[in-house]
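Student: For reference, the file data-v1.cif (mmCIF, C-alpha atoms, pLDDT in the B column; chains and numbers go by the auth columns) is included below:
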data_model
#
loop_
_atom_site.group_PDB
_atom_site.id
_atom_site.type_symbol
_atom_site.label_atom_id
_atom_site.label_comp_id
_atom_site.label_asym_id
_atom_site.label_seq_id
_atom_site.Cartn_x
_atom_site.Cartn_y
_atom_site.Cartn_z
_atom_site.B_iso_or_equiv
_atom_site.auth_seq_id
_atom_site.auth_asym_id
ATOM 1 C CA MET A 1 0.000 0.000 0.000 61.00 1 A
ATOM 2 C CA THR A 2 1.400 3.401 -1.008 74.00 2 A
ATOM 3 C CA LYS A 3 1.573 6.440 1.203 69.00 3 A
ATOM 4 C CA MET A 4 -1.163 8.008 -0.907 71.00 4 A
ATOM 5 C CA ASP A 5 -3.422 5.001 -0.320 72.00 5 A
ATOM 6 C CA SER A 6 -2.720 5.137 3.410 74.00 6 A
ATOM 7 C CA ALA A 7 -3.519 8.836 3.506 71.00 7 A
ATOM 8 C CA ALA A 8 -6.731 8.265 1.549 74.00 8 A
ATOM 9 C CA ASN A 9 -7.795 5.495 3.923 77.00 9 A
ATOM 10 C CA ALA A 10 -7.025 7.664 6.939 75.00 10 A
ATOM 11 C CA LEU A 11 -9.020 10.531 5.452 76.00 11 A
ATOM 12 C CA ALA A 12 -11.961 8.225 4.702 78.00 12 A
ATOM 13 C CA ASP A 13 -11.863 6.896 8.256 77.00 13 A
ATOM 14 C CA LEU A 14 -11.776 10.428 9.660 77.00 14 A
ATOM 15 C CA GLN A 15 -14.689 11.475 7.462 80.00 15 A
ATOM 16 C CA ALA A 16 -16.698 8.460 8.588 80.00 16 A
ATOM 17 C CA ARG A 17 -16.113 9.431 12.208 80.00 17 A
ATOM 18 C CA LEU A 18 -17.128 13.030 11.522 79.00 18 A
ATOM 19 C CA ASP A 19 -20.312 11.859 9.791 79.00 19 A
ATOM 20 C CA LEU A 20 -21.084 9.671 12.802 80.00 20 A
ATOM 21 C CA LEU A 21 -20.552 12.595 15.184 77.00 21 A
ATOM 22 C CA ASN A 22 -22.770 14.854 13.098 78.00 22 A
ATOM 23 C CA GLY A 23 -25.487 12.211 13.067 78.00 23 A
ATOM 24 C CA GLN A 24 -25.223 11.861 16.828 77.00 24 A
ATOM 25 C CA ARG A 25 -25.441 15.632 17.268 76.00 25 A
ATOM 26 C CA ARG A 26 -28.620 15.797 15.214 76.00 26 A
ATOM 27 C CA ALA A 27 -30.112 12.952 17.246 74.00 27 A
ATOM 28 C CA ASP A 28 -29.152 14.709 20.498 73.00 28 A
ATOM 29 C CA LEU A 29 -30.804 17.945 19.371 73.00 29 A
ATOM 30 C CA ASP A 30 -33.944 16.053 18.470 71.00 30 A
ATOM 31 C CA ARG A 31 -34.031 14.489 21.926 70.00 31 A
ATOM 32 C CA LEU A 32 -33.405 17.907 23.488 70.00 32 A
ATOM 33 C CA GLY A 33 -36.435 19.317 21.705 66.00 33 A
ATOM 34 C CA ARG A 34 -38.660 16.514 22.984 69.00 34 A
ATOM 35 C CA LEU A 35 -37.306 16.826 26.520 66.00 35 A
ATOM 36 C CA SER A 36 -37.882 20.591 26.547 65.00 36 A
ATOM 37 C CA LEU A 37 -41.520 20.084 25.627 65.00 37 A
ATOM 38 C CA GLN A 38 -41.903 17.439 28.320 64.00 38 A
ATOM 39 C CA CYS A 39 -40.335 19.768 30.911 61.00 39 A
ATOM 40 C CA ASP A 40 -42.723 22.576 29.954 61.00 40 A
ATOM 41 C CA ARG A 41 -45.662 20.222 30.311 63.00 41 A
ATOM 42 C CA LEU A 42 -44.486 19.036 33.717 62.00 42 A
ATOM 43 C CA ALA A 43 -43.891 22.592 34.944 59.00 43 A
ATOM 44 C CA LEU A 44 -47.403 23.583 33.964 60.00 44 A
ATOM 45 C CA GLN A 45 -48.948 20.503 35.583 60.00 45 A
ATOM 46 C CA LEU A 46 -47.120 21.305 38.829 59.00 46 A
ATOM 47 C CA ALA A 47 -48.262 24.923 38.655 58.00 47 A
ATOM 48 C CA GLU A 48 -51.859 23.849 38.155 58.00 48 A
ATOM 49 C CA ARG A 49 -51.624 21.439 41.095 58.00 49 A
ATOM 50 C CA ASP A 50 -50.186 24.181 43.339 55.00 50 A
ATOM 51 C CA ALA A 51 -52.958 26.484 42.222 55.00 51 A
ATOM 52 C CA GLU A 52 -55.615 23.957 43.198 57.00 52 A
ATOM 53 C CA LEU A 53 -54.008 23.412 46.613 52.00 53 A
ATOM 54 C CA ALA A 54 -53.880 27.165 47.219 52.00 54 A
ATOM 55 C CA GLY A 55 -57.508 27.667 46.189 51.00 55 A
ATOM 56 C CA MET A 56 -56.562 29.815 43.219 45.00 56 A
ATOM 57 C CA ASP A 57 -59.988 29.370 41.638 45.00 57 A
ATOM 58 C CA SER A 58 -61.920 30.710 44.622 41.00 58 A
ATOM 59 C CA ASN A 59 -64.218 33.570 43.736 43.00 59 A
ATOM 60 C CA ALA A 60 -62.967 35.550 46.740 44.00 60 A
ATOM 61 C CA ASP A 61 -59.365 35.622 45.538 43.00 61 A
ATOM 62 C CA LEU A 62 -60.322 36.550 42.008 38.00 62 A
ATOM 63 C CA ALA A 63 -62.768 39.209 43.153 43.00 63 A
ATOM 64 C CA LYS A 64 -60.056 40.824 45.272 45.00 64 A
ATOM 65 C CA GLY A 65 -57.738 40.950 42.274 44.00 65 A
ATOM 66 C CA ARG A 66 -55.223 38.593 43.870 42.00 66 A
ATOM 67 C CA PRO A 67 -54.848 35.707 41.417 41.00 67 A
ATOM 68 C CA HIS A 68 -52.439 33.034 42.498 44.00 68 A
ATOM 69 C CA ALA A 69 -48.928 33.124 41.021 43.00 69 A
ATOM 70 C CA ALA A 70 -49.684 29.894 39.198 42.00 70 A
ATOM 71 C CA ILE A 71 -51.930 31.879 36.853 42.00 71 A
ATOM 72 C CA ASP A 72 -48.875 33.838 35.731 45.00 72 A
ATOM 73 C CA ALA A 73 -46.950 30.603 35.440 45.00 73 A
ATOM 74 C CA PHE A 74 -49.627 29.256 33.134 43.00 74 A
ATOM 75 C CA LEU A 75 -49.674 32.378 30.979 44.00 75 A
ATOM 76 C CA LEU A 76 -45.889 32.364 30.657 44.00 76 A
ATOM 77 C CA MET A 77 -45.916 28.839 29.235 45.00 77 A
ATOM 78 C CA PRO A 78 -45.494 28.606 25.444 48.00 78 A
ATOM 79 C CA ALA A 79 -48.861 28.794 23.738 51.00 79 A
ATOM 80 C CA ALA A 80 -48.204 25.487 22.009 49.00 80 A
ATOM 81 C CA VAL A 81 -47.761 23.749 25.380 49.00 81 A
ATOM 82 C CA ARG A 82 -50.901 25.308 26.843 48.00 82 A
ATOM 83 C CA THR A 83 -52.845 24.191 23.795 54.00 83 A
ATOM 84 C CA LEU A 84 -51.628 20.608 24.114 51.00 84 A
ATOM 85 C CA LEU A 85 -52.442 20.426 27.806 51.00 85 A
ATOM 86 C CA ARG A 86 -55.935 21.817 27.317 53.00 86 A
ATOM 87 C CA GLY A 87 -56.568 19.485 24.415 56.00 87 A
ATOM 88 C CA GLU A 88 -57.645 22.509 22.412 54.00 88 A
ATOM 89 C CA ALA A 89 -57.947 22.169 18.649 55.00 89 A
ATOM 90 C CA PRO A 90 -57.238 25.229 16.473 53.00 90 A
ATOM 91 C CA ALA A 91 -60.096 26.591 14.408 55.00 91 A
ATOM 92 C CA PRO A 92 -60.088 25.311 10.806 54.00 92 A
ATOM 93 C CA GLY A 93 -58.128 27.568 8.492 50.00 93 A
ATOM 94 C CA SER A 94 -56.437 29.477 11.314 50.00 94 A
ATOM 95 C CA GLN A 95 -52.757 29.510 12.146 50.00 95 A
ATOM 96 C CA THR A 96 -52.019 27.026 14.911 50.00 96 A
ATOM 97 C CA THR A 97 -50.539 28.249 18.164 49.00 97 A
ATOM 98 C CA ALA A 98 -47.778 25.694 17.741 48.00 98 A
ATOM 99 C CA SER A 99 -46.794 27.259 14.434 61.00 99 A
ATOM 100 C CA LEU A 100 -46.789 30.751 15.896 59.00 100 A
ATOM 101 C CA ALA A 101 -44.757 29.655 18.908 59.00 101 A
ATOM 102 C CA SER A 102 -42.228 27.957 16.614 65.00 102 A
ATOM 103 C CA LYS A 103 -41.808 31.111 14.558 70.00 103 A
ATOM 104 C CA ILE A 104 -41.246 33.266 17.604 71.00 104 A
ATOM 105 C CA MET A 105 -38.739 30.839 19.084 75.00 105 A
ATOM 106 C CA SER A 106 -36.969 30.505 15.736 77.00 106 A
ATOM 107 C CA SER A 107 -36.508 34.261 15.467 80.00 107 A
ATOM 108 C CA VAL A 108 -34.938 34.348 18.929 79.00 108 A
ATOM 109 C CA LEU A 109 -32.604 31.452 18.180 83.00 109 A
ATOM 110 C CA LEU A 110 -31.674 33.062 14.866 87.00 110 A
ATOM 111 C CA ARG A 111 -30.291 36.072 16.717 87.00 111 A
ATOM 112 C CA TYR A 112 -28.069 33.816 18.819 87.00 112 A
ATOM 113 C CA ALA A 113 -26.911 31.925 15.714 89.00 113 A
ATOM 114 C CA ARG A 114 -26.002 35.095 13.828 90.00 114 A
ATOM 115 C CA ALA A 115 -24.199 36.537 16.826 90.00 115 A
ATOM 116 C CA ALA A 116 -22.117 33.367 17.194 89.00 116 A
ATOM 117 C CA ALA A 117 -21.349 33.355 13.467 91.00 117 A
ATOM 118 C CA ALA A 118 -20.236 36.994 13.644 92.00 118 A
ATOM 119 C CA ARG A 119 -17.761 35.949 16.356 90.00 119 A
ATOM 120 C CA ARG A 120 -16.656 33.084 14.101 91.00 120 A
ATOM 121 C CA ASP A 121 -17.803 30.670 16.766 90.00 121 A
ATOM 122 C CA TYR A 122 -19.015 28.330 14.046 90.00 122 A
ATOM 123 C CA ALA A 123 -19.541 25.294 16.288 89.00 123 A
ATOM 124 C CA ARG A 124 -21.913 27.210 18.575 87.00 124 A
ATOM 125 C CA ALA A 125 -23.672 28.800 15.611 89.00 125 A
ATOM 126 C CA GLU A 126 -24.086 25.344 14.064 90.00 126 A
ATOM 127 C CA ALA A 127 -25.819 24.125 17.218 88.00 127 A
ATOM 128 C CA TRP A 128 -28.209 27.111 17.155 87.00 128 A
ATOM 129 C CA TYR A 129 -29.083 26.535 13.498 89.00 129 A
ATOM 130 C CA GLN A 130 -29.719 22.854 14.190 88.00 130 A
ATOM 131 C CA ALA A 131 -32.067 23.881 17.001 84.00 131 A
ATOM 132 C CA ILE A 132 -33.906 26.203 14.603 85.00 132 A
ATOM 133 C CA LEU A 133 -34.316 23.340 12.138 85.00 133 A
ATOM 134 C CA LEU A 134 -36.190 21.380 14.793 81.00 134 A
ATOM 135 C CA LEU A 135 -38.780 24.153 14.748 79.00 135 A
ATOM 136 C CA THR A 136 -38.806 25.486 11.175 80.00 136 A
ATOM 137 C CA PRO A 137 -36.881 23.442 8.574 83.00 137 A
ATOM 138 C CA ARG A 138 -36.364 26.088 5.892 88.00 138 A
ATOM 139 C CA ALA A 139 -33.925 26.195 2.976 92.00 139 A
ATOM 140 C CA PHE A 140 -32.253 29.334 4.319 92.00 140 A
ATOM 141 C CA VAL A 141 -31.523 27.669 7.670 92.00 141 A
ATOM 142 C CA TRP A 142 -30.085 24.542 6.030 94.00 142 A
ATOM 143 C CA ARG A 143 -27.815 26.775 3.928 94.00 143 A
ATOM 144 C CA GLN A 144 -26.598 28.670 6.960 94.00 144 A
ATOM 145 C CA LEU A 145 -26.006 25.406 8.802 93.00 145 A
ATOM 146 C CA GLY A 146 -23.856 24.262 5.893 94.00 146 A
ATOM 147 C CA ASN A 147 -21.873 27.498 6.018 95.00 147 A
ATOM 148 C CA MET A 148 -21.169 26.974 9.714 93.00 148 A
ATOM 149 C CA GLN A 149 -20.036 23.395 9.070 92.00 149 A
ATOM 150 C CA ALA A 150 -17.801 24.542 6.223 93.00 150 A
ATOM 151 C CA GLY A 151 -16.328 27.145 8.576 93.00 151 A
ATOM 152 C CA GLN A 152 -15.200 24.253 10.795 91.00 152 A
ATOM 153 C CA GLY A 153 -13.749 22.312 7.871 91.00 153 A
ATOM 154 C CA LEU A 154 -16.607 19.774 7.887 91.00 154 A
ATOM 155 C CA PHE A 155 -17.108 19.991 4.137 93.00 155 A
ATOM 156 C CA ALA A 156 -18.840 16.647 3.602 92.00 156 A
ATOM 157 C CA ALA A 157 -21.396 17.535 6.271 92.00 157 A
ATOM 158 C CA ALA A 158 -21.721 21.001 4.750 93.00 158 A
ATOM 159 C CA ILE A 159 -22.500 19.541 1.319 94.00 159 A
ATOM 160 C CA GLU A 160 -25.216 17.403 2.882 93.00 160 A
ATOM 161 C CA SER A 161 -26.758 20.518 4.435 93.00 161 A
ATOM 162 C CA PHE A 162 -26.527 22.459 1.166 95.00 162 A
ATOM 163 C CA ASP A 163 -28.277 19.551 -0.559 94.00 163 A
ATOM 164 C CA ARG A 164 -31.067 19.758 2.017 93.00 164 A
ATOM 165 C CA ALA A 165 -31.420 23.470 1.259 94.00 165 A
ATOM 166 C CA ILE A 166 -31.515 22.799 -2.472 94.00 166 A
ATOM 167 C CA THR A 167 -34.118 20.069 -2.009 93.00 167 A
ATOM 168 C CA LEU A 168 -36.389 22.602 -0.323 93.00 168 A
ATOM 169 C CA ASP A 169 -35.545 25.390 -2.789 92.00 169 A
ATOM 170 C CA ASP A 170 -33.849 24.380 -6.022 91.00 170 A
ATOM 171 C CA GLY A 171 -33.628 28.040 -6.974 91.00 171 A
ATOM 172 C CA ASP A 172 -31.365 28.972 -4.059 92.00 172 A
ATOM 173 C CA GLY A 173 -28.321 30.227 -5.936 93.00 173 A
ATOM 174 C CA GLU A 174 -26.450 30.913 -2.700 93.00 174 A
ATOM 175 C CA ALA A 175 -26.781 27.265 -1.664 94.00 175 A
ATOM 176 C CA TRP A 176 -25.556 26.061 -5.060 95.00 176 A
ATOM 177 C CA HIS A 177 -22.587 28.434 -4.872 94.00 177 A
ATOM 178 C CA ALA A 178 -21.669 27.373 -1.330 94.00 178 A
ATOM 179 C CA LYS A 179 -21.960 23.724 -2.373 95.00 179 A
ATOM 180 C CA ALA A 180 -19.646 24.362 -5.322 94.00 180 A
ATOM 181 C CA ARG A 181 -16.973 25.809 -3.036 94.00 181 A
ATOM 182 C CA ALA A 182 -17.222 22.877 -0.626 94.00 182 A
ATOM 183 C CA LEU A 183 -16.979 20.385 -3.498 94.00 183 A
ATOM 184 C CA LYS A 184 -13.946 22.193 -4.879 93.00 184 A
ATOM 185 C CA THR A 185 -12.252 22.017 -1.475 93.00 185 A
ATOM 186 C CA LEU A 186 -12.740 18.245 -1.518 93.00 186 A
ATOM 187 C CA ASP A 187 -11.259 18.185 -5.045 93.00 187 A
ATOM 188 C CA ARG A 188 -14.532 16.995 -6.583 92.00 188 A
ATOM 189 C CA ARG A 189 -13.961 19.254 -9.578 93.00 189 A
ATOM 190 C CA ASP A 190 -16.609 18.031 -11.999 93.00 190 A
ATOM 191 C CA GLU A 191 -19.363 18.248 -9.393 94.00 191 A
ATOM 192 C CA ALA A 192 -18.071 21.631 -8.263 93.00 192 A
ATOM 193 C CA ASN A 193 -18.133 23.021 -11.799 94.00 193 A
ATOM 194 C CA ALA A 194 -21.681 21.762 -12.355 94.00 194 A
ATOM 195 C CA ALA A 195 -22.866 23.291 -9.062 94.00 195 A
ATOM 196 C CA LEU A 196 -21.136 26.577 -9.875 93.00 196 A
ATOM 197 C CA ALA A 197 -22.736 26.727 -13.315 93.00 197 A
ATOM 198 C CA ARG A 198 -26.134 26.210 -11.708 94.00 198 A
ATOM 199 C CA ALA A 199 -25.431 28.919 -9.116 92.00 199 A
ATOM 200 C CA LEU A 200 -24.407 31.491 -11.737 92.00 200 A
ATOM 201 C CA ALA A 201 -27.392 30.647 -13.913 92.00 201 A
ATOM 202 C CA LEU A 202 -29.679 31.352 -10.963 92.00 202 A
ATOM 203 C CA LYS A 203 -27.795 34.375 -9.658 89.00 203 A
ATOM 204 C CA PRO A 204 -25.295 35.936 -12.109 89.00 204 A
ATOM 205 C CA ALA A 205 -24.177 38.453 -9.477 88.00 205 A
ATOM 206 C CA LEU A 206 -22.316 35.600 -7.742 83.00 206 A
ATOM 207 C CA THR A 207 -19.679 35.839 -10.481 81.00 207 A
ATOM 208 C CA SER A 208 -18.016 38.617 -8.484 77.00 208 A
ATOM 209 C CA ARG A 209 -17.336 36.199 -5.636 72.00 209 A
ATOM 210 C CA GLY A 210 -15.302 33.841 -7.773 62.00 210 A
ATOM 211 C CA SER A 211 -15.334 30.086 -7.380 59.00 211 A
#
Now that the file is in, can you turn its structure into structure tokens?

Tutor:
Amino acid sequence: MTKMDSAANALADLQARLDLLNGQRRADLDRLGRLSLQCDRLALQLAERDAELAGMDSNADLAKGRPHAAIDAFLLMPAAVRTLLRGEAPAPGSQTTASLASKIMSSVLLRYARAAAARRDYARAEAWYQAILLLTPRAFVWRQLGNMQAGQGLFAAAIESFDRAITLDDGDGEAWHAKARALKTLDRRDEANAALARALALKPALTSRGS
């Protein structure tokens, strides 16, 4: 076996390990999302129990304008959680509370992700973008996730994320361009040239960025 073969095998082994770690990270984030919802449910159930024990629903307390603190605890819970616990069904044709809550949370997480990216803390930004994807899997978020992975040198993982973005929006020239650069870094020239051609066809202004 030549040195080149040994190096190629070592690189393939390293890439396999990185892919495994990325898969594990995605699975961990998915579990985190489920656990967070369960914690919110439990917190609300405890608040409701405390309210019952304290007689929160008594007409005297409410008439005096002294609602129990558990009322505030209930109102501070995400709307999606309150809806699930009440068993409430959204009116046909209306936006669900779960959807609205997801959008609000996504916008907050997006600020954290952009701030981390501005500091070039790509690993932290990647984690934020993955959290956003649990709520709103959009092409833009997949593209940004790929950029954060590329910033860490995880080009194979980045290409996978760019492909996810392209699957959701084939007309995303930025995603095609970013994919082309990642492919070129991995010396996959033919694929890189094809991706670049697609990017420039969709967004000619990208020519100024080079390949």

Student: Name the closest residue to Ala192 of chain A among the candidates A:Leu206, A:Ala178, A:Ile132, A:Ala116; distances are taken between atoms, counting only C-alpha atoms.

Tutor: A:Ala178

Student: Sorted by chain and rising residue number, which residues of segment 120-190 of chain A lie within 10 Å of segment 6-27 of chain A, and what are their closest atom pairs and distances in Å to one decimal, counting all atoms listed in the file, as a tab-separated table?

Tutor:
residue	atom	partner	partner_atom	distance
A:Ala127	CA	A:Arg25	CA	8.5
A:Gln130	CA	A:Arg26	CA	7.2
A:Ala131	CA	A:Arg26	CA	9.0
A:Leu133	CA	A:Arg26	CA	9.9
A:Leu134	CA	A:Arg26	CA	9.4
A:Gln149	CA	A:Asn22	CA	9.8
A:Leu154	CA	A:Leu18	CA	7.7
A:Phe155	CA	A:Gln15	CA	9.5
A:Ala156	CA	A:Gln15	CA	7.7
A:Ala157	CA	A:Asp19	CA	6.8

Student: Of the candidates A:Arg31, A:His177, A:Arg209, A:Arg120, which one gets nearest to Ala194 of chain A if we count only C-alpha atoms?

Tutor: A:His177

Student: Residues at most 9 Å from Gln144 of chain A, counting only C-alpha atoms, excluding those fewer than 3 positions away in the same chain, as a list in words?

Tutor: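 My reading of the contact set: Glu126, Tyr129, Ala139, Phe140, Val141, Asn147, Met148, Gln149, Ser161, Phe162 and Ala175 of chain A.
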
Student: Report, in Å to a single decimal, how far apart atom CA of Arg119 of chain A and atom CA of Arg181 of chain A are.

Tutor: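 Between these atoms lies a distance of 21.9 Å.
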